[in-house]
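File shown: model-v5.cif. Contents: mmCIF, C-alpha atoms.
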```cif
data_model
loop_
_atom_site.label_atom_id
_atom_site.label_comp_id
_atom_site.auth_asym_id
_atom_site.auth_seq_id
_atom_site.Cartn_x
_atom_site.Cartn_y
_atom_site.Cartn_z
CA MET A 1 0.00 0.00 0.00
CA ASN A 2 1.27 3.48 -0.91
CA ASP A 3 0.98 5.89 2.03
CA ALA A 4 3.42 8.48 0.65
CA ASP A 5 3.12 12.21 1.24
CA ILE A 6 4.48 12.83 -2.26
CA ASN A 7 4.36 10.82 -5.49
CA PHE A 8 7.30 11.88 -7.64
CA TYR A 9 7.15 10.75 -11.28
CA PHE A 10 10.59 10.77 -12.90
CA ASP A 11 12.45 9.84 -16.03
CA PRO A 12 15.93 8.88 -14.77
CA LEU A 13 17.74 10.78 -17.53
CA CYS A 14 15.80 14.04 -17.36
CA PRO A 15 18.18 16.63 -15.89
CA PHE A 16 15.42 18.88 -14.60
CA ALA A 17 13.67 15.94 -12.90
CA TRP A 18 17.01 15.14 -11.28
CA MET A 19 17.50 18.70 -10.05
CA THR A 20 13.97 18.84 -8.64
CA SER A 21 14.40 15.43 -7.02
CA LYS A 22 17.47 16.65 -5.13
CA TRP A 23 15.41 19.54 -3.78
CA VAL A 24 12.53 17.21 -2.85
CA ARG A 25 14.93 14.93 -0.97
CA GLN A 26 16.13 17.92 1.07
CA VAL A 27 12.59 18.94 1.95
CA ALA A 28 11.53 15.37 2.70
CA ALA A 29 14.40 15.03 5.17
CA GLN A 30 13.50 18.28 6.94
CA ARG A 31 9.74 17.66 6.99
CA ASP A 32 9.87 13.88 7.50
CA TYR A 33 7.91 13.25 4.29
CA ALA A 34 7.64 9.86 2.63
CA VAL A 35 8.27 9.95 -1.14
CA ASP A 36 7.10 7.31 -3.59
CA TRP A 37 9.41 7.41 -6.63
CA ARG A 38 7.24 6.55 -9.63
CA PHE A 39 7.84 6.23 -13.36
CA ILE A 40 7.19 8.43 -16.38
CA SER A 41 8.94 7.92 -19.72
CA LEU A 42 9.88 10.84 -21.96
CA ARG A 43 10.28 8.39 -24.84
CA MET A 44 6.70 7.21 -24.40
CA ILE A 45 5.42 10.79 -24.06
CA ASN A 46 7.10 11.58 -27.40
CA ALA A 47 6.16 8.32 -29.12
CA GLY A 48 4.55 10.14 -32.03
CA VAL A 49 7.32 12.70 -32.52
CA ASP A 50 9.92 12.64 -35.32
CA TYR A 51 13.09 13.08 -33.27
CA ASP A 52 15.26 13.99 -36.27
CA THR A 53 13.21 17.09 -37.07
CA HIS A 54 11.95 18.06 -33.60
CA PHE A 55 14.90 17.55 -31.25
CA PRO A 56 18.63 18.25 -31.10
CA ALA A 57 21.02 15.39 -31.77
CA GLY A 58 21.22 12.80 -29.02
CA TYR A 59 17.72 13.22 -27.65
CA GLU A 60 16.30 9.98 -29.02
CA ALA A 61 19.27 7.99 -27.73
CA GLY A 62 18.89 9.64 -24.33
CA HIS A 63 15.15 8.98 -24.13
CA ASN A 64 15.68 5.36 -25.23
CA ALA A 65 18.30 4.96 -22.52
CA GLY A 66 15.78 6.33 -20.04
CA VAL A 67 13.31 3.57 -20.95
CA ARG A 68 16.01 0.96 -20.44
CA LEU A 69 16.85 2.30 -16.99
CA LEU A 70 13.16 2.48 -16.06
CA ARG A 71 12.84 -1.22 -16.88
CA VAL A 72 15.57 -1.89 -14.32
CA ALA A 73 13.78 0.38 -11.83
CA ALA A 74 10.49 -1.45 -12.42
CA ARG A 75 12.08 -4.83 -11.79
CA THR A 76 13.81 -3.39 -8.73
CA ARG A 77 10.46 -2.26 -7.33
CA ALA A 78 8.85 -5.62 -8.06
CA GLU A 79 11.59 -7.64 -6.40
CA HIS A 80 12.95 -5.32 -3.69
CA GLY A 81 10.14 -2.93 -2.82
CA ARG A 82 9.28 0.69 -3.45
CA GLN A 83 11.98 2.08 -1.15
CA ALA A 84 14.70 0.53 -3.30
CA VAL A 85 13.68 2.70 -6.26
CA GLY A 86 14.73 5.90 -4.49
CA ALA A 87 18.21 4.56 -3.77
CA LEU A 88 18.65 3.39 -7.35
CA TYR A 89 17.42 6.69 -8.80
CA GLU A 90 19.83 8.59 -6.57
CA ALA A 91 22.76 6.45 -7.74
CA ILE A 92 21.78 6.83 -11.42
CA GLY A 93 21.22 10.58 -11.24
CA THR A 94 24.45 11.26 -9.37
CA GLN A 95 26.50 9.34 -11.93
CA ALA A 96 24.60 10.63 -14.98
CA PHE A 97 24.58 14.33 -14.04
CA ASP A 98 26.85 15.14 -11.09
CA SER A 99 29.94 12.99 -11.63
CA ALA A 100 33.23 14.08 -13.18
CA ALA A 101 32.62 11.58 -16.00
CA ALA A 102 29.15 12.91 -16.82
CA PRO A 103 30.05 15.54 -19.47
CA ALA A 104 31.91 13.03 -21.66
CA ARG A 105 29.37 10.21 -21.49
CA ARG A 106 27.29 9.69 -24.63
CA PRO A 107 23.49 9.46 -24.14
CA GLU A 108 23.28 5.82 -25.19
CA GLU A 109 26.02 4.83 -22.74
CA ARG A 110 23.71 5.71 -19.84
CA GLY A 111 21.40 2.89 -20.85
CA SER A 112 24.17 0.28 -20.92
CA ARG A 113 24.93 -2.65 -18.66
CA GLU A 114 28.37 -1.18 -17.94
CA PHE A 115 26.73 1.99 -16.65
CA VAL A 116 24.00 0.50 -14.47
CA ARG A 117 25.58 -2.60 -12.93
CA PRO A 118 27.96 -0.73 -10.57
CA LEU A 119 25.13 1.64 -9.64
CA LEU A 120 22.92 -1.27 -8.64
CA GLU A 121 25.70 -2.54 -6.39
CA GLN A 122 26.19 0.96 -5.00
CA ALA A 123 22.48 1.04 -4.11
CA GLY A 124 22.79 -2.31 -2.34
CA LEU A 125 20.97 -4.21 -5.09
CA PRO A 126 21.90 -7.30 -7.12
CA ALA A 127 23.81 -6.49 -10.29
CA GLY A 128 21.70 -9.09 -12.08
CA LEU A 129 18.79 -6.63 -12.14
CA ALA A 130 20.59 -5.09 -15.13
CA ASP A 131 19.17 -7.95 -17.22
CA ALA A 132 15.93 -5.93 -17.30
CA LEU A 133 17.56 -3.36 -19.62
CA ASP A 134 16.54 -5.41 -22.66
CA ASP A 135 13.34 -6.85 -21.19
CA ALA A 136 10.43 -5.12 -22.94
CA SER A 137 7.93 -7.03 -20.82
CA TRP A 138 8.24 -4.18 -18.30
CA ASP A 139 7.13 -1.59 -20.87
CA GLY A 140 3.43 -2.12 -20.22
CA GLU A 141 3.95 -1.13 -16.58
CA LEU A 142 6.00 1.90 -17.62
CA ARG A 143 3.36 2.97 -20.12
CA ALA A 144 0.56 2.56 -17.57
CA GLU A 145 2.41 4.66 -15.00
CA THR A 146 3.24 7.30 -17.62
CA ASP A 147 -0.47 7.45 -18.50
CA GLU A 148 -1.28 7.67 -14.80
CA ALA A 149 0.97 10.70 -14.41
CA LEU A 150 -0.44 12.44 -17.50
CA ALA A 151 -3.99 11.78 -16.31
CA LEU A 152 -3.15 13.88 -13.25
CA THR A 153 -1.85 16.90 -15.19
CA GLY A 154 -2.86 16.76 -18.85
CA LYS A 155 -0.56 15.84 -21.72
CA ASP A 156 1.36 19.04 -22.56
CA VAL A 157 3.97 18.46 -19.87
CA GLY A 158 7.40 16.99 -19.28
CA THR A 159 9.10 15.65 -16.19
CA PRO A 160 9.01 15.63 -13.25
CA ILE A 161 5.40 15.43 -12.16
CA ILE A 162 4.72 15.75 -8.43
CA HIS A 163 1.46 14.60 -6.87
CA PHE A 164 1.01 16.40 -3.57
CA GLY A 165 -0.88 14.52 -0.84
CA PRO A 166 -2.05 11.60 -2.97
CA PRO A 167 -4.55 10.31 -3.81
CA ARG A 168 -6.77 13.39 -3.46
CA GLY A 169 -4.17 16.14 -3.73
CA THR A 170 -3.23 18.17 -6.78
CA ALA A 171 -0.48 17.20 -9.23
CA PHE A 172 1.68 19.51 -11.37
CA PHE A 173 4.50 19.29 -13.86
CA GLY A 174 7.53 20.74 -12.12
CA PRO A 175 8.55 22.88 -10.45
CA VAL A 176 11.36 23.20 -12.96
CA ILE A 177 14.44 24.61 -11.26
CA SER A 178 17.94 25.13 -12.64
CA ARG A 179 19.59 25.94 -9.32
CA LEU A 180 19.45 23.88 -6.14
CA PRO A 181 18.07 25.67 -3.09
CA THR A 182 19.45 24.58 0.25
CA GLY A 183 18.46 24.67 3.92
CA GLU A 184 15.72 27.13 4.77
CA GLU A 185 15.54 28.31 1.17
CA ALA A 186 14.56 24.78 0.07
CA VAL A 187 11.72 24.61 2.58
CA ARG A 188 10.55 28.13 1.78
CA LEU A 189 10.33 27.29 -1.93
CA TRP A 190 8.42 24.12 -1.05
CA ASP A 191 5.90 26.04 1.02
CA HIS A 192 5.30 28.47 -1.84
CA VAL A 193 4.73 25.62 -4.29
CA VAL A 194 2.39 23.80 -1.92
CA GLY A 195 0.53 27.05 -1.39
CA LEU A 196 -0.21 27.26 -5.10
CA ALA A 197 -1.09 23.57 -5.29
CA SER A 198 -3.55 23.89 -2.40
CA PHE A 199 -5.71 26.44 -4.23
CA PRO A 200 -8.30 24.41 -6.17
CA GLY A 201 -8.56 26.86 -9.05
CA PHE A 202 -4.83 27.11 -9.77
CA ALA A 203 -3.78 25.50 -13.06
CA GLU A 204 -0.53 26.91 -14.43
CA LEU A 205 2.34 29.32 -13.91
CA LYS A 206 4.77 28.81 -16.78
CA ARG A 207 8.01 30.10 -18.24
CA SER A 208 9.61 28.17 -21.12
CA LEU A 209 12.89 30.13 -20.95
CA ARG A 210 15.21 28.16 -18.68
CA GLU A 211 18.81 28.25 -17.60
CA ARG A 212 20.77 25.11 -18.22
CA PRO A 213 20.76 23.34 -14.84
CA GLN A 214 23.69 23.64 -12.48
CA LEU A 215 24.98 20.17 -13.24
CA PRO A 216 28.45 19.05 -14.37
CA SER A 217 26.82 17.10 -17.22
CA PHE A 218 25.88 20.49 -18.71
CA GLY A 219 29.25 22.05 -17.93
CA VAL A 220 27.65 24.27 -15.28
CA ASN A 221 29.24 24.14 -11.84
CA SER A 222 27.81 25.22 -8.49
CA GLY A 223 27.75 29.00 -8.28
CA GLU A 224 27.66 29.40 -12.06
CA THR A 225 24.64 30.31 -14.19
CA GLY A 226 23.84 28.24 -17.25
CA ILE A 227 22.93 29.79 -20.58
CA GLN A 228 19.23 30.44 -21.10
CA GLU A 229 17.29 28.43 -23.68
CA ASP A 230 13.66 28.09 -24.75
CA TRP A 231 12.22 24.69 -23.81
CA HIS A 232 8.86 23.19 -24.82
CA GLY A 233 7.07 20.49 -22.87
CA GLY A 234 10.20 19.73 -20.88
CA SER A 235 12.51 19.44 -23.90
CA ARG A 236 14.59 21.63 -26.15
CA ARG A 237 12.20 21.19 -29.05
CA LEU A 238 13.34 22.50 -32.45
CA LYS A 239 9.68 22.46 -33.53
CA LYS A 240 6.45 22.42 -31.54
#
```

The structure in this file should be written as structure tokens.
Amino acid sequence: MNDADINFYFDPLCPFAWMTSKWVRQVAAQRDYAVDWRFISLRMINAGVDYDTHFPAGYEAGHNAGVRLLRVAARTRAEHGRQAVGALYEAIGTQAFDSAAAPARRPEERGSREFVRPLLEQAGLPAGLADALDDASWDGELRAETDEALALTGKDVGTPIIHFGPPRGTAFFGPVISRLPTGEEAVRLWDHVVGLASFPGFAELKRSLRERPQLPSFGVNSGETGIQEDWHGGSRRLKK
């Protein structure tokens, strides 16, 4: 049974989902919240999109790698429980976005056995779970959970999606943040977001111009400001 205070829907290779997840972990620790880490696939959201004409190079490979890692996460949840997903996601995100090796790693490499096996071990999980990378039998579960997330928000969104106080609370795409708040600032931002979510008539507050996130994978270090780009639906779309 899921008795979480927050349902957090993530694609493991979305940098903005990763940045928001780090903030949510800070708040959860300070407020003693339980988080259920749930799945949403950017590849499945964009199933009808021509990647060659709509996205920069590397996006399709990155989204495909995300599906492969979500298969591993789904098997992890089935065999080791919901709590194990959070530890695995943290290991994946740290290596994919915050490690010294992150800037040089090609998108498709993040969906490889060589990438995920040591991260499973780091999370205290059997390395054999990596066999799920190529197991498409998990895709039905991933698609159902992606549909579940989109049913909470509508379809013109990206990742992450946060469901506040499930099952009756409101869910939103975001918040999308490029810088990581810390300490009291993290909790203050959370309270502002929850304040908006608690008003039943609130639907959207949106800005598609974003800084590249403060992550080594983007070449942006802590204390630096990434270049600003126009994103659509959670991606750097070349066409809408």

The distance between atom CA of A:Pro213 and atom CA of A:Glu141 is 29.7 Å

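Remark: for A:Leu133, the closest of the candidate residues A:Thr182, A:Thr225, A:Thr76, A:Gln95 is A:Thr76 (distances computed over all atoms listed in the file).
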
* **Atom-to-atom span, atom CA of A:Gly66 and atom CA of A:Gly219, Å** =>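 Atom CA of A:Gly219 lies 20.8 Å from atom CA of A:Gly66.
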
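The interatomic distance for the pair atom CA of A:Trp23 and atom CA of A:Val194 works out to 13.8 Å.
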
Specify as an MDAnalysis selection string each residue included when the PyMOL selection byres ((chain A and resi 145-154) around 8) is applied to this file. chainID A and resid 9 38:41 44:45 141:144 155:157 161 163 170:173

Could the residues in this selection be saved with C-alpha atoms as a PDB file, keeping the file's coordinate frame?
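And here is the file that came out, result_24.pdb:
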```pdb
ATOM      1  CA  TYR A   9       7.150  10.750 -11.280  1.00  0.00           C
ATOM      2  CA  ARG A  38       7.240   6.550  -9.630  1.00  0.00           C
ATOM      3  CA  PHE A  39       7.840   6.230 -13.360  1.00  0.00           C
ATOM      4  CA  ILE A  40       7.190   8.430 -16.380  1.00  0.00           C
ATOM      5  CA  SER A  41       8.940   7.920 -19.720  1.00  0.00           C
ATOM      6  CA  MET A  44       6.700   7.210 -24.400  1.00  0.00           C
ATOM      7  CA  ILE A  45       5.420  10.790 -24.060  1.00  0.00           C
ATOM      8  CA  GLU A 141       3.950  -1.130 -16.580  1.00  0.00           C
ATOM      9  CA  LEU A 142       6.000   1.900 -17.620  1.00  0.00           C
ATOM     10  CA  ARG A 143       3.360   2.970 -20.120  1.00  0.00           C
ATOM     11  CA  ALA A 144       0.560   2.560 -17.570  1.00  0.00           C
ATOM     12  CA  LYS A 155      -0.560  15.840 -21.720  1.00  0.00           C
ATOM     13  CA  ASP A 156       1.360  19.040 -22.560  1.00  0.00           C
ATOM     14  CA  VAL A 157       3.970  18.460 -19.870  1.00  0.00           C
ATOM     15  CA  ILE A 161       5.400  15.430 -12.160  1.00  0.00           C
ATOM     16  CA  HIS A 163       1.460  14.600  -6.870  1.00  0.00           C
ATOM     17  CA  THR A 170      -3.230  18.170  -6.780  1.00  0.00           C
ATOM     18  CA  ALA A 171      -0.480  17.200  -9.230  1.00  0.00           C
ATOM     19  CA  PHE A 172       1.680  19.510 -11.370  1.00  0.00           C
ATOM     20  CA  PHE A 173       4.500  19.290 -13.860  1.00  0.00           C
TER      21      PHE A 173
END
```

- Item | Residues matched by the PyMOL selection byres ((chain A and resi 71) around 9), written as a ChimeraX atom specification | /A:66-70,72-76,130,132-139,141-142

Dump as a PDB file with C-alpha atoms, in the frame of the given file all residues having an atom at most 9 Å from (17.1, 28.8, -19.4), computed in the file's coordinates with all atoms listed in the file.
```pdb
ATOM      1  CA  SER A 178      17.940  25.130 -12.640  1.00  0.00           C
ATOM      2  CA  SER A 208       9.610  28.170 -21.120  1.00  0.00           C
ATOM      3  CA  LEU A 209      12.890  30.130 -20.950  1.00  0.00           C
ATOM      4  CA  ARG A 210      15.210  28.160 -18.680  1.00  0.00           C
ATOM      5  CA  GLU A 211      18.810  28.250 -17.600  1.00  0.00           C
ATOM      6  CA  ARG A 212      20.770  25.110 -18.220  1.00  0.00           C
ATOM      7  CA  PRO A 213      20.760  23.340 -14.840  1.00  0.00           C
ATOM      8  CA  GLY A 226      23.840  28.240 -17.250  1.00  0.00           C
ATOM      9  CA  ILE A 227      22.930  29.790 -20.580  1.00  0.00           C
ATOM     10  CA  GLN A 228      19.230  30.440 -21.100  1.00  0.00           C
ATOM     11  CA  GLU A 229      17.290  28.430 -23.680  1.00  0.00           C
ATOM     12  CA  ASP A 230      13.660  28.090 -24.750  1.00  0.00           C
ATOM     13  CA  TRP A 231      12.220  24.690 -23.810  1.00  0.00           C
TER      14      TRP A 231
END
```

* To do: Name all residues at most 7 Å from A:Asp98 (count all atoms listed in the file; drop same-chain ones fewer than 6 positions away) and give them as a ChimeraX atom specification.
  => /A:215-217

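Using all atoms listed in the file, the smallest distance between any of A:Leu13, A:Ala203, A:Ala29, A:Ala4 and A:Thr94 comes from A:Leu13.
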
With distances taken over only C-alpha atoms, the candidate from A:Cys14, A:Val49, A:Ile6, A:Val35 nearest A:Arg110 is A:Cys14

Go through stretch 124-226 of chain A residue by residue and, counting all atoms listed in the file, keep those with an atom at most 10 Å from stretch 77-84 of chain A; for each kept residue give the shortest atom pair and its distance in Å to one decimal, ordered by chain and increasing number, as a Markdown table.
```
| residue | atom | partner | partner_atom | distance |
| --- | --- | --- | --- | --- |
| A:Gly124 | CA | A:Ala84 | CA | 8.6 |
| A:Leu125 | CA | A:Ala84 | CA | 8.1 |
| A:Pro126 | CA | A:His80 | CA | 9.8 |
| A:Leu129 | CA | A:Glu79 | CA | 9.3 |
```

Next on the checklist: With distances taken over all atoms listed in the file, which residue among A:Ala100, A:Leu196, A:Leu42, A:Val116 lies nearest A:Val220?
Outcome noted: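 Closest candidate: A:Ala100.
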
- Task: Rank nothing, just name the residue among A:Arg113, A:Arg207, A:Arg106, A:Lys22 nearest to A:Glu60, using all atoms listed in the file.
- Result: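 Looking only at the distances to A:Glu60, the closest residue turns out to be A:Arg106.
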
Because some atoms of stretch 50-83 of chain A are absent here, can you restore N, CA and C atoms and send them as a PDB file, in the frame of the given file?
```pdb
ATOM      1  N   ASP A  50       8.743  12.919 -34.490  1.00  0.00           N
ATOM      2  CA  ASP A  50       9.920  12.640 -35.320  1.00  0.00           C
ATOM      3  C   ASP A  50      11.119  13.316 -34.669  1.00  0.00           C
ATOM      4  N   TYR A  51      11.963  12.530 -34.030  1.00  0.00           N
ATOM      5  CA  TYR A  51      13.090  13.080 -33.270  1.00  0.00           C
ATOM      6  C   TYR A  51      14.060  13.841 -34.172  1.00  0.00           C
ATOM      7  N   ASP A  52      14.270  13.363 -35.399  1.00  0.00           N
ATOM      8  CA  ASP A  52      15.260  13.990 -36.270  1.00  0.00           C
ATOM      9  C   ASP A  52      14.911  15.432 -36.607  1.00  0.00           C
ATOM     10  N   THR A  53      13.611  15.738 -36.695  1.00  0.00           N
ATOM     11  CA  THR A  53      13.210  17.090 -37.070  1.00  0.00           C
ATOM     12  C   THR A  53      12.778  17.939 -35.877  1.00  0.00           C
ATOM     13  N   HIS A  54      12.507  17.320 -34.738  1.00  0.00           N
ATOM     14  CA  HIS A  54      11.950  18.060 -33.600  1.00  0.00           C
ATOM     15  C   HIS A  54      12.920  18.254 -32.446  1.00  0.00           C
ATOM     16  N   PHE A  55      14.001  17.486 -32.409  1.00  0.00           N
ATOM     17  CA  PHE A  55      14.900  17.550 -31.250  1.00  0.00           C
ATOM     18  C   PHE A  55      16.348  17.695 -31.691  1.00  0.00           C
ATOM     19  N   PRO A  56      17.192  18.256 -30.826  1.00  0.00           N
ATOM     20  CA  PRO A  56      18.630  18.250 -31.100  1.00  0.00           C
ATOM     21  C   PRO A  56      19.188  16.830 -31.124  1.00  0.00           C
ATOM     22  N   ALA A  57      20.360  16.691 -31.683  1.00  0.00           N
ATOM     23  CA  ALA A  57      21.020  15.390 -31.770  1.00  0.00           C
ATOM     24  C   ALA A  57      21.206  14.795 -30.376  1.00  0.00           C
ATOM     25  N   GLY A  58      21.002  13.498 -30.279  1.00  0.00           N
ATOM     26  CA  GLY A  58      21.220  12.800 -29.020  1.00  0.00           C
ATOM     27  C   GLY A  58      19.987  12.600 -28.181  1.00  0.00           C
ATOM     28  N   TYR A  59      18.906  13.316 -28.494  1.00  0.00           N
ATOM     29  CA  TYR A  59      17.720  13.220 -27.650  1.00  0.00           C
ATOM     30  C   TYR A  59      17.069  11.834 -27.716  1.00  0.00           C
ATOM     31  N   GLU A  60      16.948  11.275 -28.922  1.00  0.00           N
ATOM     32  CA  GLU A  60      16.300   9.980 -29.020  1.00  0.00           C
ATOM     33  C   GLU A  60      17.105   8.918 -28.282  1.00  0.00           C
ATOM     34  N   ALA A  61      18.414   8.953 -28.440  1.00  0.00           N
ATOM     35  CA  ALA A  61      19.270   7.990 -27.730  1.00  0.00           C
ATOM     36  C   ALA A  61      19.124   8.156 -26.228  1.00  0.00           C
ATOM     37  N   GLY A  62      19.045   9.388 -25.756  1.00  0.00           N
ATOM     38  CA  GLY A  62      18.890   9.640 -24.330  1.00  0.00           C
ATOM     39  C   GLY A  62      17.548   9.165 -23.809  1.00  0.00           C
ATOM     40  N   HIS A  63      16.483   9.419 -24.562  1.00  0.00           N
ATOM     41  CA  HIS A  63      15.150   8.980 -24.130  1.00  0.00           C
ATOM     42  C   HIS A  63      15.045   7.453 -24.176  1.00  0.00           C
ATOM     43  N   ASN A  64      15.670   6.818 -25.171  1.00  0.00           N
ATOM     44  CA  ASN A  64      15.680   5.360 -25.230  1.00  0.00           C
ATOM     45  C   ASN A  64      16.438   4.775 -24.035  1.00  0.00           C
ATOM     46  N   ALA A  65      17.547   5.414 -23.683  1.00  0.00           N
ATOM     47  CA  ALA A  65      18.300   4.960 -22.520  1.00  0.00           C
ATOM     48  C   ALA A  65      17.465   5.102 -21.249  1.00  0.00           C
ATOM     49  N   GLY A  66      16.652   6.141 -21.188  1.00  0.00           N
ATOM     50  CA  GLY A  66      15.780   6.330 -20.040  1.00  0.00           C
ATOM     51  C   GLY A  66      14.786   5.188 -19.886  1.00  0.00           C
ATOM     52  N   VAL A  67      14.223   4.715 -21.001  1.00  0.00           N
ATOM     53  CA  VAL A  67      13.310   3.570 -20.950  1.00  0.00           C
ATOM     54  C   VAL A  67      14.040   2.346 -20.405  1.00  0.00           C
ATOM     55  N   ARG A  68      15.249   2.126 -20.875  1.00  0.00           N
ATOM     56  CA  ARG A  68      16.010   0.960 -20.440  1.00  0.00           C
ATOM     57  C   ARG A  68      16.264   1.000 -18.926  1.00  0.00           C
ATOM     58  N   LEU A  69      16.614   2.172 -18.423  1.00  0.00           N
ATOM     59  CA  LEU A  69      16.850   2.300 -16.990  1.00  0.00           C
ATOM     60  C   LEU A  69      15.548   2.162 -16.195  1.00  0.00           C
ATOM     61  N   LEU A  70      14.448   2.646 -16.743  1.00  0.00           N
ATOM     62  CA  LEU A  70      13.160   2.480 -16.060  1.00  0.00           C
ATOM     63  C   LEU A  70      12.749   1.014 -15.971  1.00  0.00           C
ATOM     64  N   ARG A  71      13.118   0.220 -16.971  1.00  0.00           N
ATOM     65  CA  ARG A  71      12.840  -1.220 -16.880  1.00  0.00           C
ATOM     66  C   ARG A  71      13.564  -1.816 -15.667  1.00  0.00           C
ATOM     67  N   VAL A  72      14.806  -1.408 -15.468  1.00  0.00           N
ATOM     68  CA  VAL A  72      15.570  -1.890 -14.320  1.00  0.00           C
ATOM     69  C   VAL A  72      14.908  -1.413 -13.025  1.00  0.00           C
ATOM     70  N   ALA A  73      14.443  -0.154 -13.021  1.00  0.00           N
ATOM     71  CA  ALA A  73      13.780   0.380 -11.830  1.00  0.00           C
ATOM     72  C   ALA A  73      12.478  -0.372 -11.549  1.00  0.00           C
ATOM     73  N   ALA A  74      11.743  -0.720 -12.607  1.00  0.00           N
ATOM     74  CA  ALA A  74      10.490  -1.450 -12.420  1.00  0.00           C
ATOM     75  C   ALA A  74      10.740  -2.844 -11.841  1.00  0.00           C
ATOM     76  N   ARG A  75      11.752  -3.513 -12.346  1.00  0.00           N
ATOM     77  CA  ARG A  75      12.080  -4.830 -11.790  1.00  0.00           C
ATOM     78  C   ARG A  75      12.581  -4.693 -10.349  1.00  0.00           C
ATOM     79  N   THR A  76      13.348  -3.648 -10.093  1.00  0.00           N
ATOM     80  CA  THR A  76      13.810  -3.390  -8.730  1.00  0.00           C
ATOM     81  C   THR A  76      12.637  -3.240  -7.781  1.00  0.00           C
ATOM     82  N   ARG A  77      11.641  -2.472  -8.173  1.00  0.00           N
ATOM     83  CA  ARG A  77      10.460  -2.260  -7.330  1.00  0.00           C
ATOM     84  C   ARG A  77       9.711  -3.569  -7.106  1.00  0.00           C
ATOM     85  N   ALA A  78       9.585  -4.365  -8.167  1.00  0.00           N
ATOM     86  CA  ALA A  78       8.850  -5.620  -8.060  1.00  0.00           C
ATOM     87  C   ALA A  78       9.531  -6.613  -7.122  1.00  0.00           C
ATOM     88  N   GLU A  79      10.856  -6.625  -7.140  1.00  0.00           N
ATOM     89  CA  GLU A  79      11.590  -7.640  -6.400  1.00  0.00           C
ATOM     90  C   GLU A  79      12.142  -7.159  -5.054  1.00  0.00           C
ATOM     91  N   HIS A  80      12.297  -5.833  -4.902  1.00  0.00           N
ATOM     92  CA  HIS A  80      12.950  -5.320  -3.690  1.00  0.00           C
ATOM     93  C   HIS A  80      12.166  -4.205  -2.995  1.00  0.00           C
ATOM     94  N   GLY A  81      10.998  -3.889  -3.501  1.00  0.00           N
ATOM     95  CA  GLY A  81      10.140  -2.930  -2.820  1.00  0.00           C
ATOM     96  C   GLY A  81      10.308  -1.503  -3.313  1.00  0.00           C
ATOM     97  N   ARG A  82       9.340  -0.674  -2.954  1.00  0.00           N
ATOM     98  CA  ARG A  82       9.280   0.690  -3.450  1.00  0.00           C
ATOM     99  C   ARG A  82      10.444   1.541  -2.931  1.00  0.00           C
ATOM    100  N   GLN A  83      10.901   1.279  -1.711  1.00  0.00           N
ATOM    101  CA  GLN A  83      11.980   2.080  -1.150  1.00  0.00           C
ATOM    102  C   GLN A  83      13.270   1.927  -1.940  1.00  0.00           C
TER     103      GLN A  83
END
```
